[in-house]
Every structure is written in C-alpha cells, then in structure tokens.
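Dropping work.cif in here (mmCIF, C-alpha atoms):
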```
data_input
#
loop_
_atom_site.label_atom_id
_atom_site.label_comp_id
_atom_site.auth_asym_id
_atom_site.auth_seq_id
_atom_site.Cartn_x
_atom_site.Cartn_y
_atom_site.Cartn_z
CA MET Z 11 -21.96 44.77 15.48
CA ALA Z 12 -22.72 42.30 12.68
CA THR Z 13 -26.34 41.33 11.99
CA ASP Z 14 -27.13 37.82 10.81
CA ILE Z 15 -29.49 37.96 7.78
CA LEU Z 16 -29.64 34.26 6.93
CA THR Z 17 -32.50 33.55 9.33
CA MET Z 18 -34.44 36.78 8.79
CA THR Z 19 -38.03 36.51 7.56
CA TYR Z 20 -38.89 37.96 4.15
CA ASP Z 21 -40.60 40.97 5.76
CA GLU Z 22 -37.52 41.67 7.87
CA ILE Z 23 -35.28 41.52 4.79
CA LEU Z 24 -37.67 43.75 2.82
CA SER Z 25 -37.42 46.34 5.58
CA VAL Z 26 -33.61 46.21 5.47
CA VAL Z 27 -33.52 46.55 1.67
CA THR Z 28 -35.91 49.49 1.49
CA ASP Z 29 -34.20 51.24 4.43
CA LEU Z 30 -30.96 51.03 2.43
CA GLY Z 31 -32.70 52.71 -0.52
CA PHE Z 32 -32.93 49.75 -2.90
CA PRO Z 33 -36.05 48.52 -4.78
CA ALA Z 34 -38.23 45.87 -3.15
CA PHE Z 35 -37.51 43.21 -5.79
CA ARG Z 36 -33.93 43.02 -4.49
CA ALA Z 37 -35.34 41.66 -1.21
CA LYS Z 38 -36.96 38.75 -3.07
CA GLN Z 39 -33.72 37.98 -4.92
CA LEU Z 40 -31.70 38.13 -1.71
CA TYR Z 41 -34.20 35.94 0.14
CA GLN Z 42 -34.10 33.30 -2.60
CA TRP Z 43 -30.31 33.19 -2.49
CA LEU Z 44 -30.24 32.96 1.30
CA ASN Z 45 -32.54 29.95 1.20
CA LYS Z 46 -30.09 28.20 -1.09
CA GLY Z 47 -27.31 28.64 1.45
CA ALA Z 48 -25.36 31.10 -0.69
CA GLN Z 49 -22.73 33.58 0.45
CA LEU Z 50 -23.11 37.21 -0.68
CA SER Z 51 -20.20 36.73 -3.07
CA GLU Z 52 -22.11 33.93 -4.85
CA MET Z 53 -25.27 35.99 -5.47
CA ASN Z 54 -24.37 36.85 -9.07
CA ASN Z 55 -27.61 38.61 -10.06
CA LEU Z 56 -27.28 41.16 -7.27
CA PRO Z 57 -25.36 44.38 -8.04
CA LYS Z 58 -22.07 45.01 -6.26
CA ALA Z 59 -23.38 48.28 -4.83
CA PHE Z 60 -26.24 46.42 -3.13
CA LYS Z 61 -23.98 43.75 -1.63
CA ASP Z 62 -21.47 46.39 -0.53
CA ALA Z 63 -24.24 48.35 1.18
CA LEU Z 64 -25.28 45.24 3.13
CA THR Z 65 -21.70 44.57 4.20
CA GLU Z 66 -20.99 48.20 5.14
CA ASN Z 67 -24.10 48.25 7.32
CA GLY Z 68 -23.05 45.11 9.20
CA TYR Z 69 -25.26 42.51 7.52
CA VAL Z 70 -23.55 39.14 7.15
CA VAL Z 71 -24.23 35.59 6.00
CA ASP Z 72 -22.34 33.58 8.58
CA LEU Z 73 -21.99 30.07 7.12
CA PRO Z 74 -19.64 27.49 8.66
CA LYS Z 75 -16.71 26.17 6.62
CA ILE Z 76 -16.09 22.43 6.15
CA GLU Z 77 -12.62 21.57 7.48
CA LYS Z 78 -12.83 17.78 7.37
CA LYS Z 79 -15.20 15.23 5.84
CA LEU Z 80 -15.25 11.55 6.81
CA VAL Z 81 -17.39 9.05 4.91
CA SER Z 82 -18.19 5.63 6.36
CA GLN Z 83 -17.37 2.73 4.08
CA VAL Z 84 -19.87 0.67 6.09
CA ASP Z 85 -23.12 2.60 5.65
CA GLY Z 86 -22.36 5.92 3.93
CA THR Z 87 -22.70 8.02 7.08
CA VAL Z 88 -20.90 11.37 6.65
CA LYS Z 89 -19.21 13.21 9.51
CA LEU Z 90 -18.32 16.88 9.01
CA LEU Z 91 -16.01 19.09 11.03
CA PHE Z 92 -16.85 22.79 10.61
CA SER Z 93 -14.88 25.90 11.53
CA LEU Z 94 -16.73 29.09 12.43
CA SER Z 95 -15.74 32.68 11.73
CA ASP Z 96 -14.09 33.11 15.16
CA GLY Z 97 -12.07 29.87 14.98
CA GLN Z 98 -14.45 27.67 16.95
CA TYR Z 99 -15.15 24.13 15.73
CA ILE Z 100 -18.40 22.15 15.62
CA GLU Z 101 -19.55 18.85 14.10
CA SER Z 102 -22.50 17.47 12.15
CA VAL Z 103 -23.35 13.96 11.03
CA VAL Z 104 -25.44 13.05 7.96
CA MET Z 105 -27.14 9.66 8.23
CA LYS Z 106 -28.69 7.92 5.26
CA TYR Z 107 -31.99 6.08 5.70
CA GLU Z 108 -34.55 4.63 3.29
CA HIS Z 109 -36.96 7.45 4.21
CA GLY Z 110 -34.38 10.17 3.48
CA ASN Z 111 -31.28 11.86 4.83
CA THR Z 112 -31.10 12.94 8.46
CA ILE Z 113 -28.62 15.46 9.86
CA CYS Z 114 -27.52 15.66 13.46
CA VAL Z 115 -26.64 19.31 14.10
CA SER Z 116 -24.73 21.10 16.85
CA CYS Z 117 -26.23 24.12 18.61
CA GLN Z 118 -23.29 25.25 20.76
CA ALA Z 119 -19.50 25.30 20.52
CA GLY Z 120 -18.92 23.01 23.48
CA CYS Z 121 -21.36 22.37 26.29
CA ARG Z 122 -21.62 23.33 29.95
CA MET Z 123 -23.94 20.54 31.08
CA GLY Z 124 -21.04 18.37 32.25
CA CYS Z 125 -22.47 14.91 31.51
CA LYS Z 126 -19.68 12.57 32.59
CA PHE Z 127 -19.81 10.17 29.61
CA CYS Z 128 -19.95 12.81 26.85
CA ALA Z 129 -17.02 14.09 24.75
CA SER Z 130 -18.81 17.34 23.81
CA THR Z 131 -18.59 18.76 27.32
CA LEU Z 132 -14.91 18.02 28.05
CA ARG Z 133 -13.74 21.59 27.41
CA GLY Z 134 -16.88 23.28 28.67
CA LEU Z 135 -18.93 25.84 26.73
CA SER Z 136 -17.19 28.31 24.43
CA ARG Z 137 -20.33 30.02 23.15
CA ASN Z 138 -23.81 29.61 21.70
CA LEU Z 139 -24.27 29.22 17.95
CA THR Z 140 -26.31 31.76 16.02
CA PRO Z 141 -29.34 30.59 14.02
CA SER Z 142 -27.22 31.04 10.86
CA GLU Z 143 -24.48 28.78 12.19
CA ILE Z 144 -27.02 26.06 12.98
CA ILE Z 145 -28.91 26.22 9.69
CA GLY Z 146 -25.62 26.70 7.85
CA GLN Z 147 -24.63 23.16 8.84
CA ILE Z 148 -27.58 21.90 6.81
CA PHE Z 149 -26.85 24.07 3.77
CA MET Z 150 -23.20 23.07 3.72
CA ALA Z 151 -23.96 19.39 4.34
CA GLN Z 152 -26.46 19.31 1.47
CA ARG Z 153 -23.88 20.88 -0.79
CA SER Z 154 -21.26 18.38 0.36
CA VAL Z 155 -23.34 15.19 -0.03
CA GLY Z 156 -25.23 16.44 -3.10
CA GLU Z 157 -28.60 15.36 -1.73
CA ARG Z 158 -31.52 16.96 0.09
CA ILE Z 159 -31.70 16.61 3.85
CA SER Z 160 -35.26 16.03 5.03
CA ASN Z 161 -34.88 15.25 8.75
CA ILE Z 162 -33.09 16.98 11.63
CA VAL Z 163 -32.02 15.74 15.03
CA MET Z 164 -30.67 18.29 17.50
CA MET Z 165 -28.41 15.83 19.28
CA GLY Z 166 -24.98 17.12 18.29
CA ILE Z 167 -22.63 19.28 20.35
CA GLY Z 168 -24.43 21.45 22.90
CA GLU Z 169 -27.70 21.58 24.85
CA PRO Z 170 -30.49 23.06 22.67
CA LEU Z 171 -32.54 24.43 25.56
CA ASP Z 172 -29.44 26.22 26.88
CA ASN Z 173 -29.41 28.23 23.62
CA TYR Z 174 -33.16 28.64 23.61
CA ASP Z 175 -33.90 31.77 21.57
CA ASN Z 176 -31.44 30.94 18.78
CA VAL Z 177 -32.70 27.35 18.57
CA ILE Z 178 -36.36 28.43 18.35
CA ARG Z 179 -35.53 30.89 15.56
CA PHE Z 180 -33.62 28.12 13.78
CA LEU Z 181 -36.60 25.74 14.06
CA ARG Z 182 -39.00 28.31 12.65
CA THR Z 183 -36.58 29.15 9.84
CA VAL Z 184 -36.04 25.57 8.58
CA ASN Z 185 -39.80 25.01 8.60
CA ARG Z 186 -40.58 27.89 6.20
CA GLU Z 187 -42.17 26.67 2.99
CA GLU Z 188 -40.09 29.04 0.87
CA GLY Z 189 -36.89 27.88 2.58
CA LEU Z 190 -35.72 24.37 3.50
CA ASN Z 191 -39.35 23.40 4.13
CA ILE Z 192 -38.53 20.69 6.68
CA GLY Z 193 -41.68 19.74 8.58
CA TYR Z 194 -41.68 20.02 12.35
CA ARG Z 195 -42.62 16.33 12.59
CA HIS Z 196 -39.31 15.56 10.91
CA ILE Z 197 -37.35 17.34 13.66
CA SER Z 198 -36.23 15.92 17.00
CA LEU Z 199 -34.76 17.98 19.84
CA SER Z 200 -32.82 16.31 22.63
CA THR Z 201 -32.33 17.79 26.09
CA CYS Z 202 -30.54 16.51 29.18
CA GLY Z 203 -33.43 17.83 31.25
CA LEU Z 204 -33.69 21.62 31.54
CA VAL Z 205 -37.13 21.71 33.10
CA ASP Z 206 -37.62 25.45 32.62
CA GLY Z 207 -36.75 25.07 28.93
CA ILE Z 208 -39.21 22.19 28.51
CA LYS Z 209 -41.96 24.37 29.99
CA LYS Z 210 -41.09 27.22 27.61
CA LEU Z 211 -40.96 24.85 24.63
CA GLU Z 212 -44.39 23.54 25.55
CA LYS Z 213 -45.84 27.02 25.01
CA GLU Z 214 -44.27 27.32 21.53
CA GLN Z 215 -46.68 24.63 20.28
CA LEU Z 216 -44.14 23.29 17.77
CA PRO Z 217 -45.07 19.70 16.79
CA ILE Z 218 -41.47 18.50 16.96
CA THR Z 219 -40.37 15.33 18.76
CA LEU Z 220 -38.87 15.98 22.19
CA SER Z 221 -36.21 13.52 23.36
CA ILE Z 222 -35.04 13.32 26.95
CA SER Z 223 -31.49 12.14 27.68
CA LEU Z 224 -32.41 10.27 30.84
CA HIS Z 225 -29.72 7.59 31.40
CA ASN Z 226 -30.86 6.84 34.98
CA ILE Z 227 -34.25 6.93 36.71
CA ASP Z 228 -32.81 7.31 40.22
CA THR Z 229 -32.15 10.95 41.12
CA GLU Z 230 -29.11 10.32 43.33
CA GLN Z 231 -27.51 7.94 40.84
CA ARG Z 232 -28.26 10.29 37.93
CA LYS Z 233 -26.50 13.14 39.75
CA THR Z 234 -23.21 11.25 39.53
CA ILE Z 235 -23.26 11.21 35.72
CA MET Z 236 -25.52 14.18 34.89
CA PRO Z 237 -24.93 17.29 37.04
CA ILE Z 238 -28.14 18.94 35.77
CA THR Z 239 -29.92 16.59 38.19
CA ASN Z 240 -28.58 18.68 41.08
CA LYS Z 241 -30.93 21.43 39.88
CA TRP Z 242 -33.92 19.37 38.78
CA SER Z 243 -34.67 15.91 40.15
CA VAL Z 244 -35.84 13.06 37.96
CA GLU Z 245 -39.29 13.49 39.50
CA GLU Z 246 -39.41 17.15 38.44
CA LEU Z 247 -38.17 16.25 34.98
CA LEU Z 248 -40.75 13.50 34.40
CA THR Z 249 -43.54 15.69 35.77
CA ALA Z 250 -42.57 18.35 33.22
CA CYS Z 251 -42.63 15.66 30.51
CA ALA Z 252 -46.15 14.59 31.51
CA GLU Z 253 -47.31 18.22 31.38
CA TYR Z 254 -45.64 18.67 27.99
CA PHE Z 255 -47.46 15.65 26.58
CA LYS Z 256 -50.78 16.79 28.04
CA ALA Z 257 -50.40 20.23 26.43
CA THR Z 258 -49.02 19.16 23.04
CA GLY Z 259 -50.16 15.58 22.47
CA ARG Z 260 -46.63 14.83 21.21
CA ARG Z 261 -44.99 11.61 22.34
CA ILE Z 262 -41.66 12.01 24.12
CA SER Z 263 -38.75 9.66 23.46
CA PHE Z 264 -36.35 8.75 26.25
CA GLU Z 265 -32.69 8.15 25.48
CA TYR Z 266 -30.82 5.80 27.78
CA THR Z 267 -27.10 5.27 27.25
CA LEU Z 268 -26.07 1.92 28.68
CA ILE Z 269 -22.85 2.11 30.70
CA ALA Z 270 -21.25 -1.04 32.08
CA ASN Z 271 -21.68 -1.43 35.85
CA GLU Z 272 -23.29 2.00 36.06
CA ASN Z 273 -26.89 1.80 34.84
CA ASP Z 274 -27.30 -1.49 32.96
CA SER Z 275 -28.51 -4.00 35.54
CA ILE Z 276 -31.83 -5.82 35.34
CA SER Z 277 -32.94 -4.20 38.61
CA GLN Z 278 -32.28 -0.78 37.06
CA ALA Z 279 -34.36 -1.75 34.03
CA GLU Z 280 -37.18 -2.66 36.43
CA GLU Z 281 -36.84 0.64 38.29
CA LEU Z 282 -36.84 2.52 34.96
CA ALA Z 283 -40.08 0.85 33.87
CA LYS Z 284 -41.68 1.48 37.25
CA GLY Z 285 -40.70 5.16 37.32
CA LEU Z 286 -41.78 5.91 33.76
CA LYS Z 287 -45.16 4.27 34.33
CA LYS Z 288 -45.65 6.16 37.60
CA PHE Z 289 -45.06 9.65 36.23
CA LEU Z 290 -46.21 9.18 32.64
CA ARG Z 291 -49.47 7.39 33.25
CA GLY Z 292 -51.45 7.04 30.03
CA MET Z 293 -48.66 8.42 27.87
CA PRO Z 294 -47.07 6.35 25.07
CA ILE Z 295 -43.49 5.62 26.13
CA HIS Z 296 -40.51 4.74 23.98
CA VAL Z 297 -37.02 4.15 25.34
CA ASN Z 298 -34.14 4.37 22.89
CA LEU Z 299 -31.26 2.32 24.30
CA ILE Z 300 -27.81 3.53 23.22
CA PRO Z 301 -24.67 1.44 23.79
CA LEU Z 302 -22.04 3.86 25.08
CA ASN Z 303 -19.50 5.26 22.64
CA ASP Z 304 -16.14 5.03 24.39
CA VAL Z 305 -14.45 8.38 25.07
CA SER Z 306 -10.70 8.11 25.68
CA GLU Z 307 -10.75 10.85 28.31
CA ARG Z 308 -13.43 9.03 30.32
CA SER Z 309 -13.24 5.79 32.28
CA PHE Z 310 -16.75 4.57 31.42
CA LYS Z 311 -17.14 1.45 29.27
CA LYS Z 312 -20.10 0.34 27.18
CA SER Z 313 -22.32 -2.50 28.29
CA SER Z 314 -21.82 -5.92 26.81
CA GLN Z 315 -24.13 -6.99 23.99
CA LYS Z 316 -25.61 -9.56 26.37
CA ASN Z 317 -26.49 -6.90 28.96
CA VAL Z 318 -27.93 -4.58 26.30
CA GLU Z 319 -30.27 -7.30 25.04
CA ALA Z 320 -31.23 -8.34 28.57
CA PHE Z 321 -32.02 -4.73 29.53
CA LYS Z 322 -34.16 -4.25 26.41
CA ASN Z 323 -35.99 -7.54 26.86
CA ARG Z 324 -36.80 -6.77 30.49
CA LEU Z 325 -38.26 -3.36 29.58
CA ASN Z 326 -40.35 -4.92 26.82
CA ALA Z 327 -41.59 -7.62 29.19
CA LEU Z 328 -42.71 -4.89 31.59
CA GLY Z 329 -44.71 -3.13 28.88
CA ILE Z 330 -42.17 -0.45 27.93
CA ASN Z 331 -41.44 -0.14 24.21
CA ALA Z 332 -37.64 -0.26 24.04
CA THR Z 333 -35.35 -0.51 21.03
CA VAL Z 334 -31.57 -0.43 20.63
CA ARG Z 335 -30.21 2.36 18.46
CA ARG Z 336 -28.25 1.04 15.51
CA ARG Z 337 -24.74 2.44 15.52
CA LEU Z 338 -24.04 4.29 12.27
CA GLY Z 339 -20.61 5.16 10.89
CA PRO Z 340 -18.67 2.82 13.22
CA ASP Z 341 -15.51 3.19 11.16
CA ILE Z 342 -15.50 7.01 11.43
CA ASN Z 343 -16.51 7.35 15.10
CA ALA Z 344 -19.68 9.16 14.04
CA SER Z 345 -20.75 10.24 17.53
CA CYS Z 346 -20.10 13.95 18.15
CA GLY Z 347 -17.29 15.59 20.05
CA GLN Z 348 -14.02 13.87 19.20
CA LEU Z 349 -13.21 15.68 15.94
CA ARG Z 350 -13.77 19.03 17.63
CA LEU Z 351 -11.49 18.10 20.52
CA ASN Z 352 -8.70 17.04 18.18
CA ALA Z 353 -9.03 20.22 16.10
CA GLN Z 354 -8.91 22.41 19.21
CA GLU Z 355 -5.83 20.66 20.53
CA GLN Z 356 -4.02 21.03 17.21
#
```
Take the structure I supplied and represent it as structure tokens, if you would.
Amino acid sequence: MATDILTMTYDEILSVVTDLGFPAFRAKQLYQWLNKGAQLSEMNNLPKAFKDALTENGYVVDLPKIEKKLVSQVDGTVKLLFSLSDGQYIESVVMKYEHGNTICVSCQAGCRMGCKFCASTLRGLSRNLTPSEIIGQIFMAQRSVGERISNIVMMGIGEPLDNYDNVIRFLRTVNREEGLNIGYRHISLSTCGLVDGIKKLEKEQLPITLSISLHNIDTEQRKTIMPITNKWSVEELLTACAEYFKATGRRISFEYTLIANENDSISQAEELAKGLKKFLRGMPIHVNLIPLNDVSERSFKKSSQKNVEAFKNRLNALGINATVRRRLGPDINASCGQLRLNAQEQ
C-alpha cells in the first residue's frame, strides 16, 4: 500500500530516510523539495538510488494534475479542474483580492451530504481526499498562477468534517513555518452542520474561522434542502456553535444561500435574526448572504436582487451584521461542481 510523504513532518521523514539506510541530510533535502510541491522526478539533487528506494518501499508524492484552467476576464479569478491518480476529478478556485490570493480547495471527490441546491453532491461521494491531494491543489495552483497563495477557504467540493482526520492533518501541514506557512487565521472551514465534527474541532484549538452553511433557521424547512438536518436539528447545531465560541473565542460566520420562494422572505429574515440571537447570546454574529448559483440539474432559482437587498437590510435593521458575497468569476461559473460533473460524464 502506498504511503503519502507530502504531509509527513520532518521527524517522520527523517525516520523513513534513516530506516532505508541513507544519511540524515537527505531527509532535509527531501523535506525542502516536498514543501515546494515537487514530484520525486523533479528533485534533481537527490540520487536516483535514494528516490528508487522511496518508490520501491511504497512512498509517493501524490499531486493532482491540472486538466483544465479557466481565467475570468472580469476579475482574474482562476478555476482549475484537477485529475487524481485514480481518475477522479476535483476543482479549486483561486480568487484575487487586495490582501492576497485566496484558494478554495476541495476535500472530497464528490459529497454525500445531499444538499439539494449544490452541484457537488449530484453524483454522491466517490472517496475522501488524502492530505497530499488537498495541499497539492495549493502547490499546483501557485505554480499555475505564478503567485503565492496566502489564504485558504475549505468550501470546495466535499464536506471537510466528513473527512476529519485528513483535513486536520492538512491544516497542520499548511501552517508549518518551514512549509507553506499559512496562518490559521487565514484559513476558513465550512461545514453543513456535522455537530459531532464541530465538537471534535473545538478540542483541536486551531484558531481558524469556522463557517456554518445554514441556509434556513427552521429545522423542518431546512430538512427539505439539507438532509443533514434529519440527524441534527438547527437547535443542536446552534448550541454546538455557541459552545465552540465559548471554548475557542473564535467568531463563527454563517452562510445563507438565498433561493427564490424557498428561504428569502422578510419573515424568514426575521426568524433568522431571532433564532441566531436566541442561541448565540453575546456572540458576534455575521451572516454571509450568497445569491444562489443556478445548477442545471436542479429546479431552484436565485433570489431577485431586490429580495437579496431587502433580506440583508432587514437583518441589519434587527442588529445582525449581514453582507452579500460578491460573485467572482461570473464568466467562468467559478462556483464548484460543474466542471467535475462534465469531466465525469465525458
């Protein structure tokens, strides 16, 4: 069975190198190459015998391969379709801001959460991504755009807390000073509401930003678009959020996709404000409103601009900080899921 070395710590790599009978300085060379996102074949100061020994003993550097690159002529957003070693496809999006480049990474090939308005879940879950396959998206994206990536959002294909161990190892790897050195405060992780995962994440004490894909404050209504609500009610989810904030001191952001005639009425804005205040008493609250990206296989339609503004204004009037997410890469359909579906079908 192959062993992924890209996300090993230096001490773990040193142990591998010495166990194979090579001098310790080779571990440092290998570690430096790995943190540049290099394949074994590109590590030109390492002897062939050393690289062959790694390969023969099942050690691999499993980087994704870029199959398609789309660049927005509107704002420079870059959308990448990757293929993995077993033929699976995933997507990443690089977004350019004044404060630096942000990448939205995938953590699974597909998704089993079944959210009714999402393209990523249409074919279900194929498998989890390894830590290498997640961090490899960043290495390959940096190489493709020719610029450093300084911020990460885990909002691509897949549910991060459904691939918990691999995601935690990924987070710890990208934070290493000798590696990509991306600070935890520059990383956001989005979940549809796996309460057990939120409780585990709380104990990790990682100062990342947790984002909750909420989309409806009413448990019964939320069940119709987000099946995870059949396992954990909105009340259980928000209680877990309050406990997370109490333990970590980290503000939680709430994502709310506005769907026409589904969750975008003024009365639903009022219920959202009431519910958030009830369960998150004393906690700073931010709601990120997201106009729906139309998915051809789904019947849902995005809210009108008028309804989006009215929803936002009502939340603000009720004391809830709400903003509307700016849509990036509109000419390349930069939201995740569609490129992967097309590649699979072909």
Would you work out the distance separating CA of Val205 in chain Z from CA of Thr229 in chain Z, expressed in Å to one decimal? 14.3 Å
Using the chain letters and numbers from the file, which residues does the PyMOL selection byres ((chain Z and resi 161) around 7) grab, as a list of chain:residue names?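 After applying the PyMOL selection byres ((chain Z and resi 161) around 7), what remains is Z:Asn111, Z:Thr112, Z:Ile113, Z:Ile159, Z:Ser160, Z:Ile162, Z:Val163, Z:Ile192, Z:His196, Z:Ile197.
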Of the listed residues Z:Ile295, Z:Leu56, Z:Leu220, Z:Ile15, that which approaches Gly68 in chain Z most closely, counting all atoms listed in the file: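 Distance minimum relative to Gly68 in chain Z lands on Z:Ile15.
Taking CA of Phe35 in chain Z as the reference point, CA of Val71 in chain Z is found at 19.3 Å.
If all atoms listed in the file are the atoms counted, then among Z:Lys209, Z:Arg122, Z:Arg179, Z:Lys79 the closest residue to Thr19 in chain Z is Z:Arg179.
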Name the residues in contact with Val84 in chain Z at a cut-off of 10 Å, using all atoms listed in the file, excluding same-chain residues fewer than 6 positions from it; report them as a list in words.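 Counting all atoms listed in the file, the residues come to Leu338, Gly339, Pro340, Asp341 and Ile342 of chain Z.
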With C-alpha atoms kept, could you save the residues just selected as a PDB file, in the coordinates of the input?
```pdb
ATOM      1  CA  LEU Z 338     -24.040   4.290  12.270  1.00  0.00           C
ATOM      2  CA  GLY Z 339     -20.610   5.160  10.890  1.00  0.00           C
ATOM      3  CA  PRO Z 340     -18.670   2.820  13.220  1.00  0.00           C
ATOM      4  CA  ASP Z 341     -15.510   3.190  11.160  1.00  0.00           C
ATOM      5  CA  ILE Z 342     -15.500   7.010  11.430  1.00  0.00           C
TER       6      ILE Z 342
END
```
